[in-house]
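First the structure, in the form of structure tokens, and then the observations on it.
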Amino acid sequence: MSAKGDMFYAWTNVSDIKGECGGAVTSILKYLLESKTVDAVLTVQKGADVFDAEPVVITDPADLVKSAGSLHCGTLLLPKLIKKYLNGAKDMKLAVTCKGCDAKAMYELAKRQQINLDNIVMIGLNCGGSVSPVLARKMITEKYGIDPNDVVKEEIDKGQFIVMTKDGQHKGIKIDELEEEGLGRRKNCQRCETKIPRQTDIVCGNWGVIGEKAGKATFVEICSDKGAMIFDGAVKAGVLATSAPEEKGLEIRDKIENVMIKMGKKNQETQFAAIGEGTDRLKYIMAETGRCIKCYGCIENCPICYCVECSTKKPHLVRPGQVPPDFMFQMIRFAHIADSCVNCGQCTDICPQNIPNSLFMHAQQVELEKMFGHKPGMDMELPVLAFAEEIDERARLNATGSDMIYENVFGEEK
Ligand code: FAD
Ligand code: SF4
Ligand code: SF4
Ligand code: SF4
């Protein structure tokens with residue numbers, strides 16, 4: 001019997017599952033469907049090519065083999081799709097593969113009662129980062145000297161982004177080198193600190209698998225009681241084989257996670273410094289967002305935006321028919337989202353005007369976290385603003401003339 005916190009090497013016993021490492025994720029998903037623990041699996045599979053990651057809902061366990069493997073150019077975020085197209089999993093049980101940003105978005109949507117986490121099994125994936133498919137094509141053409149249409153597989157291994165072509169060419173370039181030239185992982189991934197998403201039920205990766213099992217087993221960490229039950233069920237059903245992880249493997253995994261978190265923090269510092277501070281930062285953001293064409297893409301894709309009546313569409317706040325919109329359009333988003341932004345990068349990826357929305361929002365989230373201590377996406381804790389009752393606040397404002405509603409950092413009420 002396994003329990004929360006246990007760790008394993010695990011690999012599939014099913015011959016047609018060709019996983020990224022041990023195929024443990026696909027085997028667990030197979031067990032979940034076959035045992036009818038879930039009605040469907042929501043995951044990502046290869047579309048036209050390796051740059052085309054498409055979301056897929058699978059109900060027939062036989063179809064799972066097509067979804068095995070990792071798509072590092074898969075920058076999709078699955079939770080908002082559950083809200084939009086699967087009625088928030090309110091009337092079906094779902095298993096979902098979750099990178100760190102997916103896992104964090106799940107919690108933020110669940111807090112807002114937009115999805116039902118009780119009906120969702122989260123199978124976490126360790127994540128070193130993903131590459132924008134548009135940038136990947138450009139990078140492979142210009143930097144690798146390879147036609148991206150010839151690429152049949154890509155992987156991230158030992159700090160390199162490696163591509164393999166249909167005629168057997170194999171070329172890797174160090175991610176550090178790519179990122180120094182503005183290529184490589186998405187900018188939000190460079191800033192990301194969620195490398196092993198333990199908010200999920202079971203988290204899987206390749207870090208820490210060493211020795212004869214290297215490349216052939218998945219490193220599994222059990223993160224919840226539900227995860228333990230599912231893992232035991234999959235082993236009992238015979239789809240998974242397991243062994244204890246090597247001591248040295250545990251150390252290596254720990255070390256890599258810590259190094260990656262440090263790199264994320266360092267990249268935050270560098271990227272946030274580049275947009276200035278205080279009024280300079282405001283001016284910079286105003287200039288950059290001055291290109292906005294009000295397409296609403298950032299709003300549609302953001303897992304935190306869910307209001308039926310969006311304030312950006314209220315004529316007394318943002319004048320209709322005007323492009324670029326009043327800066328109030330951006331201010332509304334900053335005010336509504338910044339405390340809960342999970343740095344998923346969707347608002348930057350989608351922006352037709354190349355506005356680094358996610359950088360601006362993440363920079364503010366980090367400041368708010370310093371002030372109020374709220375870290376979004378980690379658990380079901382509500383953001384500080386959720387405790388502010390508008391009617392009470394208006395009464396207090398009228399009575400005191402002060403709009404400071406929180407205790408300040410020195411612990412005094414202002
Ligand atoms: P499989 O049985 O092959 O199943 C993989 C599952 O992941 C499939 O269900 C597939 O649909 C789903 N999937 C594939 N791409 C995506 C995607 N983009 N978003 C959501 N789901 C997806 N592990 C590490 O230890 N270190 C890393 O640095 C690391 N970086 C990763 C970066 C990305 C973008 C992704 C997607 C995964 C990363 N992983 C990393 C996890 C690793 O690649 C394997 O997914 C994991 O070890 C499970 O292996 P498996 O053989 O059991 O999975
Ligand atoms: Fe992975 Fe973090 Fe990038 Fe999401 S934001 S894809 S978890 S590195
Ligand atoms: Fe993701 Fe952007 Fe929304 Fe933040 S503001 S959660 S980065 S879409
Ligand atoms: Fe403006 Fe870009 Fe958002 Fe569209 S996606 S509304 S252009 S900031």
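Each chain in the structure tokens gets a letter, A, B, ..., in the order shown, and its residues are numbered from 1; ligands are numbered from 1 in order too.
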
Who sits within 10 Å of A:Glu246, only C-alpha atoms, same chain under 2 positions skipped, as a list in words: Phe8, Tyr9, Gly208, Val209, Ile210, Gly211, Lys213, Ser243, Ala244, Lys248, Gly249, Leu250, Glu251 and Ile252 of chain A

Residue contacts of A:Asp118 (12 Å, only C-alpha atoms) excluding same-chain residues fewer than 2 positions away, as a short mmCIF file (atom, residue, chain, number, x, y, z; two decimals) with N, CA, C and O atoms, in the first residue's frame:
data_model
loop_
_atom_site.label_atom_id
_atom_site.label_comp_id
_atom_site.auth_asym_id
_atom_site.auth_seq_id
_atom_site.Cartn_x
_atom_site.Cartn_y
_atom_site.Cartn_z
N VAL A 38 -12.99 7.18 -13.71
CA VAL A 38 -13.35 8.43 -14.38
C VAL A 38 -14.16 8.10 -15.64
O VAL A 38 -14.07 6.99 -16.17
N GLY A 88 -17.33 22.41 -16.40
CA GLY A 88 -16.57 22.49 -15.15
C GLY A 88 -16.45 21.16 -14.42
O GLY A 88 -16.22 21.13 -13.22
N ALA A 89 -16.60 20.05 -15.16
CA ALA A 89 -16.57 18.69 -14.55
C ALA A 89 -17.59 18.58 -13.43
O ALA A 89 -17.37 17.90 -12.43
N LYS A 90 -18.72 19.29 -13.60
CA LYS A 90 -19.74 19.25 -12.55
C LYS A 90 -20.57 17.97 -12.65
O LYS A 90 -21.12 17.51 -11.67
N ASP A 91 -20.64 17.42 -13.86
CA ASP A 91 -21.47 16.22 -14.02
C ASP A 91 -20.72 15.06 -14.66
O ASP A 91 -21.31 14.17 -15.25
N MET A 92 -19.39 15.10 -14.60
CA MET A 92 -18.61 13.96 -15.08
C MET A 92 -17.29 13.87 -14.32
O MET A 92 -16.80 14.88 -13.80
N LYS A 93 -16.74 12.66 -14.24
CA LYS A 93 -15.45 12.50 -13.57
C LYS A 93 -14.36 12.49 -14.63
O LYS A 93 -14.48 11.79 -15.64
N LEU A 94 -13.32 13.27 -14.37
CA LEU A 94 -12.28 13.48 -15.38
C LEU A 94 -10.89 13.22 -14.80
O LEU A 94 -10.64 13.58 -13.65
N ALA A 95 -10.01 12.65 -15.61
CA ALA A 95 -8.58 12.63 -15.24
C ALA A 95 -7.88 13.59 -16.20
O ALA A 95 -8.17 13.59 -17.40
N MET A 106 -6.10 25.00 -12.01
CA MET A 106 -7.18 24.16 -11.47
C MET A 106 -7.66 24.72 -10.14
O MET A 106 -8.86 24.88 -9.90
N TYR A 107 -6.71 24.99 -9.24
CA TYR A 107 -7.09 25.48 -7.91
C TYR A 107 -7.78 26.84 -8.00
O TYR A 107 -8.75 27.10 -7.29
N ALA A 110 -11.22 26.35 -9.26
CA ALA A 110 -12.05 25.65 -8.26
C ALA A 110 -12.47 26.62 -7.15
O ALA A 110 -13.62 26.60 -6.70
N GLN A 113 -15.37 28.44 -7.96
CA GLN A 113 -16.50 27.54 -8.23
C GLN A 113 -16.82 27.39 -9.71
O GLN A 113 -17.97 27.27 -10.10
N ILE A 115 -14.99 25.07 -11.57
CA ILE A 115 -14.83 23.64 -11.84
C ILE A 115 -14.96 22.88 -10.52
O ILE A 115 -14.74 23.45 -9.45
N ASN A 116 -15.30 21.60 -10.63
CA ASN A 116 -15.48 20.79 -9.42
C ASN A 116 -14.27 19.87 -9.25
O ASN A 116 -14.17 18.83 -9.93
N ILE A 120 -12.28 15.58 -10.26
CA ILE A 120 -11.09 15.60 -11.14
C ILE A 120 -9.92 14.87 -10.47
O ILE A 120 -9.62 15.09 -9.30
N VAL A 121 -9.26 14.00 -11.26
CA VAL A 121 -8.00 13.39 -10.82
C VAL A 121 -6.90 14.12 -11.58
O VAL A 121 -6.91 14.16 -12.81
N MET A 122 -5.98 14.72 -10.82
CA MET A 122 -4.89 15.45 -11.47
C MET A 122 -3.64 14.57 -11.53
O MET A 122 -3.12 14.18 -10.47
N ASP A 201 -2.57 14.85 -7.68
CA ASP A 201 -2.76 13.61 -6.90
C ASP A 201 -1.53 12.71 -7.00
O ASP A 201 -1.16 12.04 -6.02
N LYS A 226 -6.04 10.28 -2.44
CA LYS A 226 -6.71 9.83 -3.67
C LYS A 226 -5.66 9.26 -4.63
O LYS A 226 -5.85 8.20 -5.23
#

Do you know which residues are within 6 Å of ligand 1 using only C-alpha atoms and all ligand atoms? Can you write them as a VMD selection string? chain A and resid 19 to 26 43 to 45 67 to 72 74 to 75 97 to 99 125 to 130 204 to 207 218

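Interatomic distance, atom CA of A:Met371 to atom CA of A:Ser340: 13.4 Å.
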
Per-residue DSSP, stretch 290-358 of chain A, filtered to alpha helix (DSSP H), as a PyMOL selection string: chain A and resi 297-301+328-337+346-349+357-358

May I have the residues within 10 Å of ligand 2, computed using only C-alpha atoms and all ligand atoms, as a PyMOL selection string? chain A and resi 72-77+98-105+124-132+185-197+260+264+342-346

Check every protein, DNA and RNA residue against ligand 3, keep those with an atom at most 7 Å away (counting only C-alpha atoms and all ligand atoms), and present them as a PyMOL selection string. chain A and resi 298+301-304+337-338+340-348+357-358+361-362

Kindly export the residues of the current selection with N, CA and C atoms, as a PDB file, in the first residue's frame.
ATOM      1  N   CYS A 298      -6.708  37.774 -24.438  1.00  0.00           N
ATOM      2  CA  CYS A 298      -6.096  37.549 -23.121  1.00  0.00           C
ATOM      3  C   CYS A 298      -7.174  37.204 -22.088  1.00  0.00           C
ATOM      4  N   ASN A 301      -8.637  33.577 -22.660  1.00  0.00           N
ATOM      5  CA  ASN A 301      -7.719  32.473 -22.353  1.00  0.00           C
ATOM      6  C   ASN A 301      -7.262  32.412 -20.906  1.00  0.00           C
ATOM      7  N   CYS A 302      -7.458  33.506 -20.168  1.00  0.00           N
ATOM      8  CA  CYS A 302      -6.927  33.549 -18.798  1.00  0.00           C
ATOM      9  C   CYS A 302      -7.768  32.654 -17.879  1.00  0.00           C
ATOM     10  N   PRO A 303      -7.132  31.755 -17.132  1.00  0.00           N
ATOM     11  CA  PRO A 303      -7.909  30.880 -16.257  1.00  0.00           C
ATOM     12  C   PRO A 303      -8.531  31.616 -15.065  1.00  0.00           C
ATOM     13  N   ILE A 304      -8.070  32.838 -14.800  1.00  0.00           N
ATOM     14  CA  ILE A 304      -8.631  33.565 -13.653  1.00  0.00           C
ATOM     15  C   ILE A 304      -9.843  34.395 -14.088  1.00  0.00           C
ATOM     16  N   ILE A 337      -7.067  40.443 -11.580  1.00  0.00           N
ATOM     17  CA  ILE A 337      -6.338  39.188 -11.770  1.00  0.00           C
ATOM     18  C   ILE A 337      -5.038  39.083 -10.981  1.00  0.00           C
ATOM     19  N   ALA A 338      -4.366  40.246 -10.803  1.00  0.00           N
ATOM     20  CA  ALA A 338      -2.960  40.195 -10.390  1.00  0.00           C
ATOM     21  C   ALA A 338      -2.722  39.385  -9.116  1.00  0.00           C
ATOM     22  N   SER A 340      -4.006  36.712  -8.256  1.00  0.00           N
ATOM     23  CA  SER A 340      -4.170  35.269  -8.474  1.00  0.00           C
ATOM     24  C   SER A 340      -3.493  34.760  -9.736  1.00  0.00           C
ATOM     25  N   CYS A 341      -2.735  35.610 -10.411  1.00  0.00           N
ATOM     26  CA  CYS A 341      -2.098  35.185 -11.667  1.00  0.00           C
ATOM     27  C   CYS A 341      -1.181  33.984 -11.410  1.00  0.00           C
ATOM     28  N   VAL A 342      -1.325  32.942 -12.230  1.00  0.00           N
ATOM     29  CA  VAL A 342      -0.510  31.737 -12.035  1.00  0.00           C
ATOM     30  C   VAL A 342       0.637  31.670 -13.061  1.00  0.00           C
ATOM     31  N   ASN A 343       0.888  32.763 -13.743  1.00  0.00           N
ATOM     32  CA  ASN A 343       2.026  32.847 -14.665  1.00  0.00           C
ATOM     33  C   ASN A 343       1.989  31.731 -15.717  1.00  0.00           C
ATOM     34  N   CYS A 344       0.797  31.491 -16.259  1.00  0.00           N
ATOM     35  CA  CYS A 344       0.685  30.402 -17.239  1.00  0.00           C
ATOM     36  C   CYS A 344       1.092  30.837 -18.639  1.00  0.00           C
ATOM     37  N   GLY A 345       1.181  32.152 -18.870  1.00  0.00           N
ATOM     38  CA  GLY A 345       1.665  32.646 -20.154  1.00  0.00           C
ATOM     39  C   GLY A 345       0.628  32.694 -21.258  1.00  0.00           C
ATOM     40  N   GLN A 346      -0.602  32.256 -20.975  1.00  0.00           N
ATOM     41  CA  GLN A 346      -1.609  32.189 -22.043  1.00  0.00           C
ATOM     42  C   GLN A 346      -1.901  33.571 -22.637  1.00  0.00           C
ATOM     43  N   CYS A 347      -1.925  34.613 -21.774  1.00  0.00           N
ATOM     44  CA  CYS A 347      -2.297  35.944 -22.255  1.00  0.00           C
ATOM     45  C   CYS A 347      -1.211  36.552 -23.142  1.00  0.00           C
ATOM     46  N   THR A 348       0.010  36.063 -23.008  1.00  0.00           N
ATOM     47  CA  THR A 348       1.079  36.511 -23.900  1.00  0.00           C
ATOM     48  C   THR A 348       1.046  35.691 -25.184  1.00  0.00           C
ATOM     49  N   ASN A 357       1.854  40.462 -21.798  1.00  0.00           N
ATOM     50  CA  ASN A 357       0.853  40.603 -20.721  1.00  0.00           C
ATOM     51  C   ASN A 357       1.218  39.824 -19.470  1.00  0.00           C
ATOM     52  N   SER A 358       1.691  38.597 -19.693  1.00  0.00           N
ATOM     53  CA  SER A 358       1.960  37.716 -18.556  1.00  0.00           C
ATOM     54  C   SER A 358       3.118  38.253 -17.699  1.00  0.00           C
ATOM     55  N   MET A 361       1.637  41.029 -15.567  1.00  0.00           N
ATOM     56  CA  MET A 361       0.749  40.524 -14.517  1.00  0.00           C
ATOM     57  C   MET A 361       1.561  39.779 -13.446  1.00  0.00           C
ATOM     58  N   HIS A 362       2.509  38.961 -13.887  1.00  0.00           N
ATOM     59  CA  HIS A 362       3.311  38.179 -12.932  1.00  0.00           C
ATOM     60  C   HIS A 362       4.125  39.126 -12.037  1.00  0.00           C
TER      61      HIS A 362
END

Can you list, as a PyMOL selection string, every residue of stretch 203-287 of chain A that DSSP puts in strand (DSSP E)? chain A and resi 203-205+218-222+240-243

With a cut-off of 12 Å, could you pull out the residues of chain A touching ligand 4 and give me the nearest pair of atoms for each, distance in Å to one decimal, using only C-alpha atoms and all ligand atoms, ordered by chain and ascending number, as JSON lines?
{"residue": "A:Ile285", "atom": "CA", "partner": "ligand 4", "partner_atom_place_in_ligand_line": "8 (S)", "distance": 10.9}
{"residue": "A:Met286", "atom": "CA", "partner": "ligand 4", "partner_atom_place_in_ligand_line": "8 (S)", "distance": 11.2}
{"residue": "A:Ala287", "atom": "CA", "partner": "ligand 4", "partner_atom_place_in_ligand_line": "8 (S)", "distance": 11.9}
{"residue": "A:Glu288", "atom": "CA", "partner": "ligand 4", "partner_atom_place_in_ligand_line": "8 (S)", "distance": 9.2}
{"residue": "A:Thr289", "atom": "CA", "partner": "ligand 4", "partner_atom_place_in_ligand_line": "8 (S)", "distance": 6.3}
{"residue": "A:Gly290", "atom": "CA", "partner": "ligand 4", "partner_atom_place_in_ligand_line": "1 (Fe)", "distance": 8.7}
{"residue": "A:Arg291", "atom": "CA", "partner": "ligand 4", "partner_atom_place_in_ligand_line": "7 (S)", "distance": 6.9}
{"residue": "A:Cys292", "atom": "CA", "partner": "ligand 4", "partner_atom_place_in_ligand_line": "1 (Fe)", "distance": 3.8}
{"residue": "A:Ile293", "atom": "CA", "partner": "ligand 4", "partner_atom_place_in_ligand_line": "7 (S)", "distance": 4.4}
{"residue": "A:Lys294", "atom": "CA", "partner": "ligand 4", "partner_atom_place_in_ligand_line": "6 (S)", "distance": 3.7}
{"residue": "A:Cys295", "atom": "CA", "partner": "ligand 4", "partner_atom_place_in_ligand_line": "4 (Fe)", "distance": 3.9}
{"residue": "A:Tyr296", "atom": "CA", "partner": "ligand 4", "partner_atom_place_in_ligand_line": "6 (S)", "distance": 4.0}
{"residue": "A:Gly297", "atom": "CA", "partner": "ligand 4", "partner_atom_place_in_ligand_line": "5 (S)", "distance": 4.2}
{"residue": "A:Cys298", "atom": "CA", "partner": "ligand 4", "partner_atom_place_in_ligand_line": "5 (S)", "distance": 4.2}
{"residue": "A:Ile299", "atom": "CA", "partner": "ligand 4", "partner_atom_place_in_ligand_line": "3 (Fe)", "distance": 6.6}
{"residue": "A:Glu300", "atom": "CA", "partner": "ligand 4", "partner_atom_place_in_ligand_line": "5 (S)", "distance": 8.7}
{"residue": "A:Asn301", "atom": "CA", "partner": "ligand 4", "partner_atom_place_in_ligand_line": "5 (S)", "distance": 8.9}
{"residue": "A:Cys302", "atom": "CA", "partner": "ligand 4", "partner_atom_place_in_ligand_line": "3 (Fe)", "distance": 10.0}
{"residue": "A:Thr312", "atom": "CA", "partner": "ligand 4", "partner_atom_place_in_ligand_line": "6 (S)", "distance": 9.9}
{"residue": "A:Lys313", "atom": "CA", "partner": "ligand 4", "partner_atom_place_in_ligand_line": "6 (S)", "distance": 11.5}
{"residue": "A:Gln322", "atom": "CA", "partner": "ligand 4", "partner_atom_place_in_ligand_line": "1 (Fe)", "distance": 11.9}
{"residue": "A:Val323", "atom": "CA", "partner": "ligand 4", "partner_atom_place_in_ligand_line": "1 (Fe)", "distance": 9.3}
{"residue": "A:Pro324", "atom": "CA", "partner": "ligand 4", "partner_atom_place_in_ligand_line": "1 (Fe)", "distance": 8.0}
{"residue": "A:Pro325", "atom": "CA", "partner": "ligand 4", "partner_atom_place_in_ligand_line": "1 (Fe)", "distance": 8.3}
{"residue": "A:Asp326", "atom": "CA", "partner": "ligand 4", "partner_atom_place_in_ligand_line": "1 (Fe)", "distance": 11.0}
{"residue": "A:Phe327", "atom": "CA", "partner": "ligand 4", "partner_atom_place_in_ligand_line": "1 (Fe)", "distance": 10.5}
{"residue": "A:Met328", "atom": "CA", "partner": "ligand 4", "partner_atom_place_in_ligand_line": "1 (Fe)", "distance": 12.0}
{"residue": "A:Phe329", "atom": "CA", "partner": "ligand 4", "partner_atom_place_in_ligand_line": "6 (S)", "distance": 8.5}
{"residue": "A:Gln330", "atom": "CA", "partner": "ligand 4", "partner_atom_place_in_ligand_line": "8 (S)", "distance": 7.6}
{"residue": "A:Met331", "atom": "CA", "partner": "ligand 4", "partner_atom_place_in_ligand_line": "8 (S)", "distance": 11.3}
{"residue": "A:Ile332", "atom": "CA", "partner": "ligand 4", "partner_atom_place_in_ligand_line": "3 (Fe)", "distance": 12.0}
{"residue": "A:Arg333", "atom": "CA", "partner": "ligand 4", "partner_atom_place_in_ligand_line": "3 (Fe)", "distance": 9.7}
{"residue": "A:Phe334", "atom": "CA", "partner": "ligand 4", "partner_atom_place_in_ligand_line": "8 (S)", "distance": 11.6}
{"residue": "A:Gly345", "atom": "CA", "partner": "ligand 4", "partner_atom_place_in_ligand_line": "5 (S)", "distance": 11.4}
{"residue": "A:Gln346", "atom": "CA", "partner": "ligand 4", "partner_atom_place_in_ligand_line": "5 (S)", "distance": 9.3}
{"residue": "A:Cys347", "atom": "CA", "partner": "ligand 4", "partner_atom_place_in_ligand_line": "5 (S)", "distance": 6.1}
{"residue": "A:Thr348", "atom": "CA", "partner": "ligand 4", "partner_atom_place_in_ligand_line": "5 (S)", "distance": 7.1}
{"residue": "A:Asp349", "atom": "CA", "partner": "ligand 4", "partner_atom_place_in_ligand_line": "5 (S)", "distance": 8.4}
{"residue": "A:Ile350", "atom": "CA", "partner": "ligand 4", "partner_atom_place_in_ligand_line": "5 (S)", "distance": 5.8}
{"residue": "A:Cys351", "atom": "CA", "partner": "ligand 4", "partner_atom_place_in_ligand_line": "5 (S)", "distance": 3.6}
{"residue": "A:Pro352", "atom": "CA", "partner": "ligand 4", "partner_atom_place_in_ligand_line": "7 (S)", "distance": 5.6}
{"residue": "A:Gln353", "atom": "CA", "partner": "ligand 4", "partner_atom_place_in_ligand_line": "7 (S)", "distance": 5.2}
{"residue": "A:Asn354", "atom": "CA", "partner": "ligand 4", "partner_atom_place_in_ligand_line": "2 (Fe)", "distance": 6.8}
{"residue": "A:Ile355", "atom": "CA", "partner": "ligand 4", "partner_atom_place_in_ligand_line": "2 (Fe)", "distance": 5.8}
{"residue": "A:Pro356", "atom": "CA", "partner": "ligand 4", "partner_atom_place_in_ligand_line": "8 (S)", "distance": 8.2}
{"residue": "A:Asn357", "atom": "CA", "partner": "ligand 4", "partner_atom_place_in_ligand_line": "8 (S)", "distance": 6.5}
{"residue": "A:Ser358", "atom": "CA", "partner": "ligand 4", "partner_atom_place_in_ligand_line": "8 (S)", "distance": 9.8}
{"residue": "A:Leu359", "atom": "CA", "partner": "ligand 4", "partner_atom_place_in_ligand_line": "8 (S)", "distance": 11.9}
{"residue": "A:Phe360", "atom": "CA", "partner": "ligand 4", "partner_atom_place_in_ligand_line": "8 (S)", "distance": 10.9}
{"residue": "A:Met361", "atom": "CA", "partner": "ligand 4", "partner_atom_place_in_ligand_line": "8 (S)", "distance": 11.4}

Just N, CA and C atoms for this one: save the residues we selected as a short mmCIF file (atom, residue, chain, number, x, y, z; two decimals), in the first residue's frame.
data_model
loop_
_atom_site.label_atom_id
_atom_site.label_comp_id
_atom_site.auth_asym_id
_atom_site.auth_seq_id
_atom_site.Cartn_x
_atom_site.Cartn_y
_atom_site.Cartn_z
N ILE A 285 4.56 49.96 -19.19
CA ILE A 285 3.38 49.12 -19.44
C ILE A 285 2.37 49.88 -20.31
N MET A 286 2.22 51.18 -20.02
CA MET A 286 1.26 51.98 -20.81
C MET A 286 1.70 52.04 -22.27
N ALA A 287 3.00 52.19 -22.48
CA ALA A 287 3.50 52.27 -23.87
C ALA A 287 3.30 50.94 -24.58
N GLU A 288 3.66 49.85 -23.92
CA GLU A 288 3.55 48.52 -24.56
C GLU A 288 2.09 48.15 -24.84
N THR A 289 1.21 48.42 -23.86
CA THR A 289 -0.19 48.03 -24.05
C THR A 289 -0.90 49.02 -24.98
N GLY A 290 -0.21 50.08 -25.36
CA GLY A 290 -0.75 51.04 -26.33
C GLY A 290 -0.97 50.40 -27.70
N ARG A 291 -0.43 49.21 -27.88
CA ARG A 291 -0.63 48.50 -29.17
C ARG A 291 -1.90 47.65 -29.17
N CYS A 292 -2.57 47.58 -28.02
CA CYS A 292 -3.71 46.66 -27.86
C CYS A 292 -4.82 46.95 -28.87
N ILE A 293 -5.36 45.89 -29.46
CA ILE A 293 -6.49 46.08 -30.39
C ILE A 293 -7.80 45.55 -29.78
N LYS A 294 -7.80 45.33 -28.50
CA LYS A 294 -9.00 44.92 -27.75
C LYS A 294 -9.67 43.69 -28.39
N CYS A 295 -8.88 42.68 -28.65
CA CYS A 295 -9.45 41.47 -29.26
C CYS A 295 -10.03 40.55 -28.19
N TYR A 296 -9.74 40.82 -26.92
CA TYR A 296 -10.22 40.03 -25.77
C TYR A 296 -9.59 38.64 -25.67
N GLY A 297 -8.57 38.38 -26.48
CA GLY A 297 -7.91 37.07 -26.44
C GLY A 297 -7.34 36.76 -25.06
N CYS A 298 -6.71 37.77 -24.44
CA CYS A 298 -6.10 37.55 -23.12
C CYS A 298 -7.17 37.20 -22.09
N ILE A 299 -8.33 37.83 -22.23
CA ILE A 299 -9.42 37.59 -21.28
C ILE A 299 -10.01 36.19 -21.49
N GLU A 300 -10.25 35.86 -22.74
CA GLU A 300 -10.83 34.54 -23.08
C GLU A 300 -9.95 33.39 -22.57
N ASN A 301 -8.64 33.58 -22.66
CA ASN A 301 -7.72 32.47 -22.35
C ASN A 301 -7.26 32.41 -20.91
N CYS A 302 -7.46 33.51 -20.17
CA CYS A 302 -6.93 33.55 -18.80
C CYS A 302 -7.77 32.65 -17.88
N THR A 312 -14.53 45.09 -18.48
CA THR A 312 -13.88 45.78 -19.62
C THR A 312 -14.89 46.09 -20.72
N LYS A 313 -16.09 45.49 -20.61
CA LYS A 313 -17.12 45.74 -21.65
C LYS A 313 -18.16 46.75 -21.18
N GLN A 322 -13.24 52.05 -29.44
CA GLN A 322 -11.97 52.79 -29.47
C GLN A 322 -10.77 51.86 -29.39
N VAL A 323 -9.87 51.99 -30.36
CA VAL A 323 -8.66 51.16 -30.37
C VAL A 323 -7.45 52.05 -30.57
N PRO A 324 -6.40 51.96 -29.75
CA PRO A 324 -6.33 51.12 -28.57
C PRO A 324 -7.35 51.56 -27.51
N PRO A 325 -7.77 50.63 -26.66
CA PRO A 325 -8.73 51.00 -25.62
C PRO A 325 -8.09 51.91 -24.58
N ASP A 326 -8.94 52.59 -23.81
CA ASP A 326 -8.41 53.36 -22.67
C ASP A 326 -7.55 52.44 -21.81
N PHE A 327 -6.57 53.01 -21.15
CA PHE A 327 -5.68 52.18 -20.30
C PHE A 327 -6.50 51.49 -19.20
N MET A 328 -7.69 52.02 -18.94
CA MET A 328 -8.58 51.40 -17.94
C MET A 328 -8.81 49.92 -18.29
N PHE A 329 -8.82 49.59 -19.57
CA PHE A 329 -9.01 48.20 -20.00
C PHE A 329 -7.96 47.31 -19.33
N GLN A 330 -6.71 47.74 -19.39
CA GLN A 330 -5.61 46.95 -18.78
C GLN A 330 -5.69 47.02 -17.25
N MET A 331 -6.06 48.24 -16.75
CA MET A 331 -6.13 48.42 -15.29
C MET A 331 -7.16 47.48 -14.67
N ILE A 332 -8.27 47.29 -15.38
CA ILE A 332 -9.31 46.40 -14.84
C ILE A 332 -8.74 45.00 -14.71
N ARG A 333 -8.02 44.57 -15.75
CA ARG A 333 -7.45 43.22 -15.66
C ARG A 333 -6.42 43.12 -14.52
N PHE A 334 -5.57 44.14 -14.42
CA PHE A 334 -4.56 44.10 -13.35
C PHE A 334 -5.25 44.01 -11.99
N GLY A 345 1.18 32.15 -18.87
CA GLY A 345 1.66 32.65 -20.15
C GLY A 345 0.63 32.69 -21.26
N GLN A 346 -0.60 32.26 -20.98
CA GLN A 346 -1.61 32.19 -22.04
C GLN A 346 -1.90 33.57 -22.64
N CYS A 347 -1.93 34.61 -21.77
CA CYS A 347 -2.30 35.94 -22.25
C CYS A 347 -1.21 36.55 -23.14
N THR A 348 0.01 36.06 -23.01
CA THR A 348 1.08 36.51 -23.90
C THR A 348 1.05 35.69 -25.18
N ASP A 349 0.91 34.37 -25.04
CA ASP A 349 0.91 33.49 -26.22
C ASP A 349 -0.15 33.91 -27.23
N ILE A 350 -1.31 34.30 -26.73
CA ILE A 350 -2.46 34.55 -27.62
C ILE A 350 -2.42 35.94 -28.22
N CYS A 351 -1.68 36.87 -27.63
CA CYS A 351 -1.79 38.28 -28.00
C CYS A 351 -1.29 38.53 -29.44
N PRO A 352 -2.18 39.00 -30.31
CA PRO A 352 -1.75 39.25 -31.70
C PRO A 352 -0.80 40.42 -31.81
N GLN A 353 -0.72 41.24 -30.74
CA GLN A 353 0.12 42.43 -30.78
C GLN A 353 1.44 42.22 -30.02
N ASN A 354 1.73 40.98 -29.69
CA ASN A 354 2.97 40.65 -28.97
C ASN A 354 3.19 41.49 -27.71
N ILE A 355 2.13 41.71 -26.98
CA ILE A 355 2.26 42.44 -25.71
C ILE A 355 2.59 41.42 -24.61
N PRO A 356 3.67 41.65 -23.85
CA PRO A 356 4.04 40.64 -22.83
C PRO A 356 3.14 40.72 -21.59
N ASN A 357 1.85 40.46 -21.80
CA ASN A 357 0.85 40.60 -20.72
C ASN A 357 1.22 39.82 -19.47
N SER A 358 1.69 38.60 -19.69
CA SER A 358 1.96 37.72 -18.56
C SER A 358 3.12 38.25 -17.70
N LEU A 359 4.09 38.85 -18.36
CA LEU A 359 5.21 39.45 -17.62
C LEU A 359 4.70 40.57 -16.71
N PHE A 360 3.83 41.42 -17.25
CA PHE A 360 3.31 42.54 -16.47
C PHE A 360 2.49 42.03 -15.28
N MET A 361 1.64 41.03 -15.57
CA MET A 361 0.75 40.52 -14.52
C MET A 361 1.56 39.78 -13.45
#

Which polymer residues have any atom within 7 Å of an atom of A:Val239, counting only C-alpha atoms, with same-chain residues fewer than 2 positions away left out, as an NGL selection string? :A and (12-14 or 27 or 234-235 or 237)

I'd like to know which of A:Asp6, A:Leu240, A:Pro376, A:Tyr306 is closest to A:Leu81, using only C-alpha atoms.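 Between A:Asp6, A:Leu240, A:Pro376, A:Tyr306, the residue approaching A:Leu81 most closely is A:Tyr306.
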